[in-house]
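File shown: target-v7.csv. Contents: CSV, C-alpha atoms.
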```
chain,number,residue,atom,x,y,z
A,163,MET,CA,4.4,11.6,17.7
A,164,ALA,CA,4.5,10.4,14.1
A,165,ILE,CA,7.7,12.3,13.3
A,166,GLU,CA,9.3,10.9,16.4
A,167,LEU,CA,8.3,7.4,15.4
A,168,THR,CA,9.9,8.0,12.0
A,169,ARG,CA,13.1,8.9,13.7
A,170,VAL,CA,12.8,5.8,15.8
A,171,ALA,CA,12.4,3.7,12.6
A,172,GLU,CA,15.5,5.3,11.1
A,173,ARG,CA,17.5,4.6,14.2
A,174,CYS,CA,16.3,1.0,14.3
A,175,GLY,CA,17.5,0.4,10.8
A,176,TYR,CA,14.3,0.2,8.9
A,177,GLY,CA,14.8,0.7,5.1
A,178,SER,CA,11.6,2.7,4.5
A,179,VAL,CA,8.7,4.4,6.2
A,180,TRP,CA,5.2,4.1,4.7
A,181,VAL,CA,2.1,6.3,5.2
A,182,THR,CA,-1.5,5.9,4.1
A,183,HIS,CA,-3.5,8.6,2.5
A,184,GLY,CA,-7.3,8.0,1.9
A,185,LEU,CA,-9.0,9.1,5.1
A,186,GLY,CA,-6.2,10.9,6.9
A,187,ARG,CA,-3.6,13.6,6.3
A,188,ASP,CA,-2.2,14.3,2.9
A,189,SER,CA,0.6,11.7,2.5
A,190,VAL,CA,2.9,13.9,0.4
A,191,VAL,CA,2.8,16.7,3.0
A,192,VAL,CA,3.4,14.2,5.9
A,193,LEU,CA,6.3,12.6,4.0
A,194,THR,CA,7.8,16.0,3.4
A,195,ALA,CA,7.9,16.5,7.2
A,196,TYR,CA,9.4,13.1,7.6
A,197,ALA,CA,12.1,13.9,5.0
A,198,ALA,CA,13.1,17.0,7.0
A,199,ALA,CA,13.3,15.0,10.2
A,200,THR,CA,15.5,12.1,8.7
A,201,THR,CA,18.5,11.6,6.6
A,202,ARG,CA,18.6,8.0,5.4
A,203,VAL,CA,15.3,6.2,5.6
A,204,GLY,CA,13.2,5.7,2.4
A,205,LEU,CA,9.8,7.4,2.2
A,206,ALA,CA,6.7,6.0,0.5
A,207,ASN,CA,2.9,6.3,0.4
A,208,GLY,CA,0.7,3.3,0.3
A,209,VAL,CA,-1.3,4.6,-1.5
A,210,VAL,CA,-2.7,7.8,-3.1
A,211,PRO,CA,-6.0,7.3,-4.9
A,212,ILE,CA,-5.7,8.3,-8.6
A,213,TYR,CA,-9.2,9.7,-9.3
A,214,PRO,CA,-9.1,12.8,-7.2
A,215,ARG,CA,-5.7,13.9,-8.4
A,216,HIS,CA,-4.7,14.4,-12.1
A,217,PRO,CA,-1.5,12.5,-13.1
A,218,VAL,CA,0.3,15.7,-13.9
A,219,ALA,CA,-0.5,17.0,-10.4
A,220,MET,CA,0.6,13.7,-8.9
A,221,ALA,CA,3.9,14.0,-10.9
A,222,GLN,CA,4.5,17.5,-9.7
A,223,ALA,CA,4.0,16.4,-6.0
A,224,ALA,CA,6.1,13.3,-6.5
A,225,ALA,CA,9.0,15.0,-8.2
A,226,THR,CA,9.0,17.8,-5.6
A,227,LEU,CA,9.1,15.3,-2.7
A,228,ASN,CA,11.7,13.2,-4.4
A,229,GLU,CA,13.9,16.2,-4.8
A,230,VAL,CA,13.3,17.5,-1.2
A,231,SER,CA,14.2,14.0,0.2
A,232,GLY,CA,17.3,13.5,-1.9
A,233,GLY,CA,15.8,10.7,-4.1
A,234,ARG,CA,14.3,8.7,-1.2
A,235,PHE,CA,10.7,8.7,-2.3
A,236,ARG,CA,8.6,5.8,-3.7
A,237,LEU,CA,5.2,6.7,-5.1
A,238,GLY,CA,2.3,4.3,-4.4
A,239,ILE,CA,-1.0,4.8,-6.2
A,240,GLY,CA,-4.3,2.9,-6.4
A,241,VAL,CA,-7.9,3.1,-7.6
A,242,SER,CA,-9.4,3.1,-4.1
A,243,HIS,CA,-13.0,1.9,-3.7
A,244,LYS,CA,-16.4,2.7,-5.2
A,245,ASN,CA,-17.9,3.9,-1.9
A,246,ALA,CA,-15.0,6.2,-1.3
A,247,MET,CA,-14.7,7.7,-4.7
A,248,GLU,CA,-18.4,7.9,-5.5
A,249,GLY,CA,-20.2,7.9,-2.2
A,250,MET,CA,-17.7,10.2,-0.4
A,251,LEU,CA,-16.3,12.4,-3.2
A,252,GLY,CA,-18.9,12.3,-5.9
A,253,LEU,CA,-16.5,11.0,-8.5
A,254,THR,CA,-17.0,8.1,-10.9
A,255,LEU,CA,-14.8,5.0,-10.4
A,256,ASN,CA,-14.9,4.1,-14.1
A,257,GLU,CA,-13.0,1.4,-15.9
A,258,PRO,CA,-10.3,1.1,-13.2
A,259,LEU,CA,-7.9,-1.0,-15.2
A,260,ALA,CA,-8.0,1.2,-18.3
A,261,ALA,CA,-7.8,4.3,-16.2
A,262,MET,CA,-4.8,3.0,-14.3
A,263,ARG,CA,-3.0,2.0,-17.4
A,264,GLU,CA,-3.4,5.5,-18.9
A,265,TYR,CA,-2.7,7.2,-15.6
A,266,VAL,CA,0.7,5.5,-15.3
A,267,ALA,CA,1.6,6.3,-18.9
A,268,VAL,CA,0.9,10.0,-18.3
A,269,LEU,CA,2.6,9.9,-14.9
A,270,ARG,CA,5.8,8.4,-16.3
A,271,GLY,CA,5.9,11.0,-19.1
A,272,ALA,CA,5.3,13.9,-16.7
A,273,LEU,CA,8.0,12.6,-14.4
A,274,GLY,CA,10.4,12.3,-17.3
A,275,ALA,CA,11.0,14.4,-20.5
A,276,GLY,CA,7.3,15.3,-20.9
A,277,CYS,CA,4.0,13.8,-21.9
A,278,GLU,CA,1.9,14.1,-25.0
A,279,PHE,CA,-1.0,11.6,-24.6
A,280,ALA,CA,-4.5,11.1,-26.0
A,281,GLY,CA,-6.5,8.3,-24.4
A,282,ARG,CA,-10.0,7.5,-23.3
A,283,HIS,CA,-9.5,8.9,-19.8
A,284,TYR,CA,-6.7,11.5,-20.2
A,285,ARG,CA,-5.6,14.0,-22.8
A,286,VAL,CA,-2.3,15.7,-21.9
A,287,ARG,CA,0.4,17.9,-23.4
A,288,TRP,CA,2.8,18.9,-20.6
A,289,SER,CA,6.4,18.9,-19.4
A,290,LEU,CA,8.1,19.7,-16.1
A,291,ALA,CA,10.1,22.8,-16.6
A,292,LEU,CA,12.8,22.3,-13.9
A,293,PRO,CA,16.6,22.0,-13.9
A,294,LYS,CA,18.3,18.8,-13.1
A,295,ARG,CA,16.6,16.7,-10.4
A,296,PRO,CA,16.9,13.2,-9.0
A,297,PRO,CA,15.7,10.3,-11.2
A,298,ALA,CA,12.0,9.8,-11.2
A,299,PRO,CA,10.7,7.8,-8.2
A,300,PRO,CA,9.6,4.2,-8.7
A,301,ILE,CA,5.8,3.8,-9.1
A,302,TYR,CA,4.0,1.1,-7.2
A,303,LEU,CA,0.4,0.0,-7.7
A,304,ALA,CA,-2.0,-1.1,-5.0
A,305,ALA,CA,-3.5,-4.4,-6.2
A,306,LEU,CA,-5.9,-7.0,-4.8
A,307,SER,CA,-7.6,-8.6,-7.8
A,308,VAL,CA,-5.9,-10.8,-10.3
A,309,LYS,CA,-6.3,-8.4,-13.2
A,310,MET,CA,-4.9,-5.4,-11.2
A,311,LEU,CA,-2.0,-7.6,-10.0
A,312,GLU,CA,-1.3,-8.5,-13.6
A,313,LEU,CA,-1.4,-4.9,-14.6
A,314,ALA,CA,0.9,-3.9,-11.8
A,315,GLY,CA,3.4,-6.5,-13.0
A,316,GLU,CA,3.2,-5.2,-16.5
A,317,ILE,CA,3.4,-1.4,-16.1
A,318,SER,CA,4.8,-0.6,-12.6
A,319,ASP,CA,7.9,-1.1,-10.5
A,320,GLY,CA,6.2,-2.8,-7.6
A,321,ALA,CA,2.9,-3.8,-6.0
A,322,VAL,CA,1.5,-2.8,-2.7
A,323,LEU,CA,-0.6,-5.4,-0.9
A,324,TRP,CA,-2.8,-4.9,2.2
A,325,LEU,CA,-4.6,-7.5,4.2
A,326,THR,CA,-3.6,-10.2,1.8
A,327,PRO,CA,-2.7,-13.3,3.8
A,328,PRO,CA,0.5,-15.2,2.9
A,329,ALA,CA,-1.4,-17.9,1.2
A,330,TYR,CA,-3.0,-15.4,-1.2
A,331,VAL,CA,0.3,-13.9,-1.9
A,332,ARG,CA,1.8,-17.2,-2.8
A,333,ASP,CA,-1.1,-18.8,-4.7
A,334,VAL,CA,-2.8,-15.8,-6.4
A,335,ALA,CA,-0.7,-12.6,-6.3
A,336,LEU,CA,2.7,-14.0,-7.2
A,337,PRO,CA,1.5,-15.9,-10.3
A,338,ALA,CA,-0.5,-12.9,-11.4
A,339,LEU,CA,2.5,-10.6,-11.0
A,340,GLU,CA,4.6,-13.0,-13.0
A,341,ARG,CA,2.1,-13.1,-15.8
A,342,GLY,CA,2.2,-9.3,-16.0
A,343,ARG,CA,6.0,-9.2,-16.0
A,344,ARG,CA,6.0,-11.8,-18.8
A,345,ARG,CA,3.6,-9.6,-20.8
A,346,ALA,CA,6.0,-6.7,-20.5
A,347,GLY,CA,9.0,-9.0,-21.4
A,348,LYS,CA,10.5,-8.5,-17.9
A,349,PRO,CA,11.6,-10.9,-15.1
A,350,LEU,CA,10.0,-10.8,-11.7
A,351,ALA,CA,13.5,-10.3,-10.2
A,352,GLY,CA,13.9,-6.7,-9.2
A,353,PHE,CA,10.1,-6.1,-8.9
A,354,GLU,CA,9.2,-5.0,-5.4
A,355,ILE,CA,6.4,-6.8,-3.7
A,356,VAL,CA,5.3,-4.8,-0.6
A,357,ALA,CA,2.9,-6.3,1.9
A,358,ALA,CA,1.8,-4.4,4.9
A,359,VAL,CA,2.0,-6.8,7.8
A,360,PRO,CA,-0.4,-6.0,10.7
A,361,LEU,CA,1.4,-6.8,14.0
A,362,ALA,CA,0.9,-6.3,17.7
A,363,ILE,CA,3.4,-7.6,20.2
A,364,ALA,CA,1.4,-7.2,23.4
A,365,ASP,CA,1.2,-8.7,26.9
A,366,ASP,CA,-2.6,-8.1,26.7
A,367,ARG,CA,-3.3,-10.2,23.6
A,368,ALA,CA,-7.1,-10.1,24.2
A,369,GLY,CA,-7.1,-6.3,24.2
A,370,ALA,CA,-4.9,-6.1,21.1
A,371,MET,CA,-7.0,-8.7,19.3
A,372,ALA,CA,-10.2,-6.8,20.1
A,373,ALA,CA,-8.7,-3.6,18.7
A,374,PHE,CA,-7.6,-5.4,15.6
A,375,ARG,CA,-11.0,-7.0,15.1
A,376,GLY,CA,-12.6,-3.6,15.4
A,377,GLU,CA,-10.1,-2.1,12.9
A,378,LEU,CA,-11.0,-4.9,10.3
A,379,LYS,CA,-14.7,-4.2,10.3
A,380,ARG,CA,-14.6,-1.5,7.6
A,381,TYR,CA,-12.6,-3.7,5.3
A,382,LEU,CA,-15.1,-6.5,5.5
A,383,GLU,CA,-17.6,-4.0,4.1
A,384,LEU,CA,-15.6,-3.2,1.0
A,385,PRO,CA,-16.2,-5.5,-2.1
A,386,PHE,CA,-12.5,-5.6,-3.2
A,387,TYR,CA,-11.4,-6.9,0.1
A,388,ARG,CA,-14.3,-9.3,0.5
A,389,ALA,CA,-13.5,-10.9,-2.9
A,390,MET,CA,-9.8,-11.2,-2.0
A,391,MET,CA,-10.5,-12.8,1.4
A,392,GLN,CA,-12.9,-15.3,-0.2
A,393,ALA,CA,-10.3,-16.1,-2.9
A,394,ALA,CA,-7.8,-16.6,-0.1
A,395,GLY,CA,-10.0,-19.3,1.5
A,396,LEU,CA,-11.4,-17.1,4.2
A,397,GLY,CA,-15.0,-17.2,3.0
A,398,ASP,CA,-16.2,-18.8,6.3
A,399,GLY,CA,-14.9,-15.8,8.2
A,400,VAL,CA,-16.5,-13.4,5.8
A,401,ALA,CA,-19.8,-15.3,6.2
A,402,ALA,CA,-19.5,-15.2,10.0
A,403,PHE,CA,-19.1,-11.5,9.9
A,404,ASP,CA,-22.2,-11.1,7.7
A,405,ARG,CA,-24.2,-13.0,10.2
A,406,SER,CA,-23.0,-11.3,13.4
A,407,GLY,CA,-21.5,-8.0,12.3
A,408,GLU,CA,-18.4,-9.0,14.3
A,409,VAL,CA,-15.0,-10.0,12.8
A,410,PRO,CA,-14.3,-13.6,14.1
A,411,GLU,CA,-11.0,-14.1,15.8
A,412,SER,CA,-10.1,-16.9,13.4
A,413,LEU,CA,-10.3,-14.4,10.5
A,414,ALA,CA,-8.2,-11.8,12.4
A,415,ASP,CA,-5.6,-14.5,13.2
A,416,ALA,CA,-5.3,-15.1,9.4
A,417,LEU,CA,-4.8,-11.4,8.7
A,418,GLY,CA,-2.4,-10.3,11.4
A,419,GLY,CA,0.2,-11.4,13.9
A,420,VAL,CA,-1.1,-10.6,17.4
A,421,GLY,CA,0.6,-12.0,20.6
A,422,ASP,CA,4.1,-12.4,21.7
A,423,ALA,CA,7.3,-11.8,19.6
A,424,ARG,CA,7.4,-15.4,18.5
A,425,VAL,CA,3.9,-15.2,16.9
A,426,ALA,CA,4.7,-11.9,15.3
A,427,ARG,CA,8.0,-13.0,13.9
A,428,ALA,CA,6.5,-16.2,12.4
A,429,TYR,CA,3.8,-14.1,10.7
A,430,VAL,CA,6.5,-11.9,9.1
A,431,ASP,CA,8.5,-14.9,8.0
A,432,ALA,CA,5.4,-16.4,6.4
A,433,TYR,CA,5.2,-13.4,4.0
A,434,ARG,CA,8.8,-13.7,3.1
A,435,LYS,CA,8.4,-17.4,2.3
A,436,ALA,CA,5.3,-16.5,0.2
A,437,GLY,CA,7.4,-14.3,-2.0
A,438,VAL,CA,7.1,-10.8,-0.5
A,439,THR,CA,10.3,-8.8,-1.0
A,440,LEU,CA,9.4,-6.0,1.5
A,441,PRO,CA,7.2,-6.9,4.5
A,442,ALA,CA,6.1,-3.5,5.8
A,443,ILE,CA,5.7,-3.8,9.6
A,444,ARG,CA,2.4,-2.1,10.4
A,445,PRO,CA,1.6,-2.0,14.2
A,446,ILE,CA,-2.2,-2.3,14.4
A,447,THR,CA,-4.5,0.7,15.1
A,448,PHE,CA,-2.8,4.0,16.0
A,449,PRO,CA,0.5,5.2,17.4
A,450,ASP,CA,-0.9,5.9,20.9
A,451,ALA,CA,-1.8,2.2,21.3
A,452,PRO,CA,0.3,0.6,24.2
A,453,TRP,CA,1.8,-2.0,21.8
A,454,TYR,CA,2.7,0.3,18.9
A,455,ARG,CA,6.2,1.5,19.7
A,456,ALA,CA,7.2,-1.8,21.3
A,457,THR,CA,6.1,-3.6,18.2
A,458,LEU,CA,8.0,-1.2,15.9
A,459,GLU,CA,11.2,-1.6,17.9
A,460,ALA,CA,11.0,-5.4,18.4
A,461,ALA,CA,10.4,-6.0,14.7
A,462,ALA,CA,13.4,-4.0,13.5
A,463,GLY,CA,15.7,-6.2,11.5
A,464,TRP,CA,13.1,-9.0,10.9
```
Could you rewrite the structure in this file as C-alpha cells?
Amino acid sequence: MAIELTRVAERCGYGSVWVTHGLGRDSVVVLTAYAAATTRVGLANGVVPIYPRHPVAMAQAAATLNEVSGGRFRLGIGVSHKNAMEGMLGLTLNEPLAAMREYVAVLRGALGAGCEFAGRHYRVRWSLALPKRPPAPPIYLAALSVKMLELAGEISDGAVLWLTPPAYVRDVALPALERGRRRAGKPLAGFEIVAAVPLAIADDRAGAMAAFRGELKRYLELPFYRAMMQAAGLGDGVAAFDRSGEVPESLADALGGVGDARVARAYVDAYRKAGVTLPAIRPITFPDAPWYRATLEAAAGW
C-alpha cells in the first residue's frame, strides 16, 4: 500500500515523499523501495535517530540511497527522546547539542572527501572509497527546542518540525533559526523549513478527530513535545491531558487540520504564512484510514 501511495503522490505532483523511522520500518530500506517505484519525486526521512547509528554508517546508507535514487534523497536526523534511547534501547542520550554538532561534522566529512575528526563523542578517520557519485544529500535536523533550532540553522541545510503549531513556528522557531544562520554567517533564504502538517479531510469529522486525539497521546508524554506545546501557548491543553489522560479537542484542533477541505487548506496556509518553506502533508494515523488517500489527493498542489 505504501509503495502505491508513493506512486499516487508522484502522479499528483508532490515534490517529495517523507517517511518516519523510530518505531517502524527502517526508513532507508523503505525509501530505496520508493526510489525503485518512482522516477521524479524527492525522497526524505524525518528523521533517523543519531545515537543508534554511527555517523559513518549513516553516511554510507545516505550515499548509497542518494546514488540509487539519482540524487533525490534528503537526510533527516535527530536526537530522538530519552525514553526511546535509554528506556527502549539502553543507550545514553548524552549532551544532545554537542553530540549533534559532532555528528554532523563527521557526517559531512564522510559524505565528502573523508573525515579525520577527534571530539568528545566521536573519533573518526575514514573515507568513502567509491567512484564518482551524486553530490552529497542535504542534511536536515529535527528540532523543537530553541537551542536545537539555533544549531539546525547554524550547521544544517534545513529543519524538520513535527507538531509545532504555526504560532510556534512564527514566534519561536523562525527567530531561532535566523539566529543560527547569522552565527554561521549565512542568510535564512535557501534554508528549508519542513513542517509535517497533520490533516484529515473527512466526512466523519468526529471519527477522524477521535483517531487524531488517540494518536497524540504518546507525544503528550514526551518532555520535548510537552515543553514545545507549553511554549506555544498550549499549556492549558497539556494540563487538561494531565488531569484526564485524554487529549482535549481544543489541543488537537491547534495541532492539526481535521474536517472538510476548507479547514485543511486553511491549516496548510497558516504554516506557509508562519514561514514554513515545505509543508509536508501528513494524513493522520495510518494508510488504511478511510480519509488517508482522499486527503493525500485533495491536498496536492496546496
Excluding Arg234 (chain A) and any residue of its chain fewer than 5 positions from it, enumerate the residues within 10 Å of it, using only C-alpha atoms, and give them as a PyMOL selection string. chain A and resi 178+197+201-206+227-229+296+299-300
Under the rule that only C-alpha atoms are counted, which of A:Tyr196, A:Phe374, A:Trp464, A:Tyr284 is the nearest residue to Gly175 (chain A)?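 For Gly175 (chain A), the nearest of the candidates is A:Trp464.
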Taken to one decimal, the CA of Met220 (chain A)-CA of Leu303 (chain A) distance is 13.8 Å
Gap from CA of Leu259 (chain A) to CA of Gly240 (chain A) - Å, one decimal: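 CA of Gly240 (chain A) lies at a distance of 10.3 Å from CA of Leu259 (chain A).
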For Gly342 (chain A), which of A:Leu413, A:Ala461, A:Ala260, A:Ala314 is the closest residue, counting all atoms listed in the file? A:Ala314
Counting only C-alpha atoms, which residues of region 280-310 of chain A sit at most 12 Å from some atom of region 242-250 of chain A, and what is each one's closest atom pair with its distance in Å to one decimal, listed by chain and rising residue number, as JSON lines?
```
{"residue": "A:Leu303", "atom": "CA", "partner": "A:Ser242", "partner_atom": "CA", "distance": 10.9}
{"residue": "A:Ala304", "atom": "CA", "partner": "A:Ser242", "partner_atom": "CA", "distance": 8.6}
{"residue": "A:Ala305", "atom": "CA", "partner": "A:Ser242", "partner_atom": "CA", "distance": 9.8}
{"residue": "A:Leu306", "atom": "CA", "partner": "A:Ser242", "partner_atom": "CA", "distance": 10.7}
{"residue": "A:Met310", "atom": "CA", "partner": "A:Ser242", "partner_atom": "CA", "distance": 12.0}
```
Rank A:Phe279, A:Phe403, A:Tyr429, A:Trp180 by their smallest atom-to-atom distance to Ile363 (chain A), using only C-alpha atoms, and report the top residue only.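 For Ile363 (chain A), the nearest of the candidates is A:Tyr429.
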Could you work out how far CA of Leu193 (chain A) lies from CA of Ala261 (chain A), giving the answer in Å with one decimal?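 A separation of 26.0 Å between them.
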Pick from A:Ala462, A:Leu361, A:Pro258, A:Phe448 nearest to Met163 (chain A), counting all atoms listed in the file: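 Closest residue, counting all atoms listed in the file: A:Phe448.
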Which polymer residues have any atom within 10 Å of an atom of Pro327 (chain A), counting all atoms listed in the file, with same-chain residues fewer than 5 positions away left out, as a list in words?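 Everything that qualifies: Arg332, Ala357, Val359, Met390, Met391, Ala394, Gly395, Leu396, Asp415, Ala416, Leu417, Gly418, Tyr429, Ala432, Tyr433 and Ala436 of chain A.
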Shell around Tyr454 (chain A) at 12 Å using only C-alpha atoms, local window under 6 positions removed, as a PDB file with C-alpha atoms, in the coordinates of the input:
```pdb
ATOM      1  CA  MET A 163       4.400  11.600  17.700  1.00  0.00           C
ATOM      2  CA  ALA A 164       4.500  10.400  14.100  1.00  0.00           C
ATOM      3  CA  LEU A 167       8.300   7.400  15.400  1.00  0.00           C
ATOM      4  CA  VAL A 170      12.800   5.800  15.800  1.00  0.00           C
ATOM      5  CA  PRO A 360      -0.400  -6.000  10.700  1.00  0.00           C
ATOM      6  CA  LEU A 361       1.400  -6.800  14.000  1.00  0.00           C
ATOM      7  CA  ALA A 362       0.900  -6.300  17.700  1.00  0.00           C
ATOM      8  CA  ILE A 363       3.400  -7.600  20.200  1.00  0.00           C
ATOM      9  CA  ALA A 364       1.400  -7.200  23.400  1.00  0.00           C
ATOM     10  CA  ALA A 370      -4.900  -6.100  21.100  1.00  0.00           C
ATOM     11  CA  VAL A 420      -1.100 -10.600  17.400  1.00  0.00           C
ATOM     12  CA  ILE A 443       5.700  -3.800   9.600  1.00  0.00           C
ATOM     13  CA  ARG A 444       2.400  -2.100  10.400  1.00  0.00           C
ATOM     14  CA  PRO A 445       1.600  -2.000  14.200  1.00  0.00           C
ATOM     15  CA  ILE A 446      -2.200  -2.300  14.400  1.00  0.00           C
ATOM     16  CA  THR A 447      -4.500   0.700  15.100  1.00  0.00           C
ATOM     17  CA  PHE A 448      -2.800   4.000  16.000  1.00  0.00           C
ATOM     18  CA  ALA A 460      11.000  -5.400  18.400  1.00  0.00           C
ATOM     19  CA  ALA A 461      10.400  -6.000  14.700  1.00  0.00           C
TER      20      ALA A 461
END
```
For Ala298 (chain A), which residue among A:Lys348, A:Gln222, A:Arg263, A:Asn256 is the nearest when counting all atoms listed in the file? A:Gln222
Rank A:Leu339, A:Val191, A:Ala358, A:Ile165 by their smallest atom-to-atom distance to Glu312 (chain A), using all atoms listed in the file, and report the top residue only.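 Selected residue with least distance to Glu312 (chain A): A:Leu339.
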Please produce, as JSON lines, a per-residue contact table for region 305-336 of chain A versus region 268-275 of chain A (criterion: any atom at most 12 Å away, all atoms listed in the file considered), showing the nearest atom pair and its distance in Å to one decimal, sorted by chain then residue number.
```
{"residue": "A:Ile317", "atom": "CA", "partner": "A:Arg270", "partner_atom": "CA", "distance": 10.1}
{"residue": "A:Ser318", "atom": "CA", "partner": "A:Arg270", "partner_atom": "CA", "distance": 9.8}
{"residue": "A:Asp319", "atom": "CA", "partner": "A:Arg270", "partner_atom": "CA", "distance": 11.3}
```
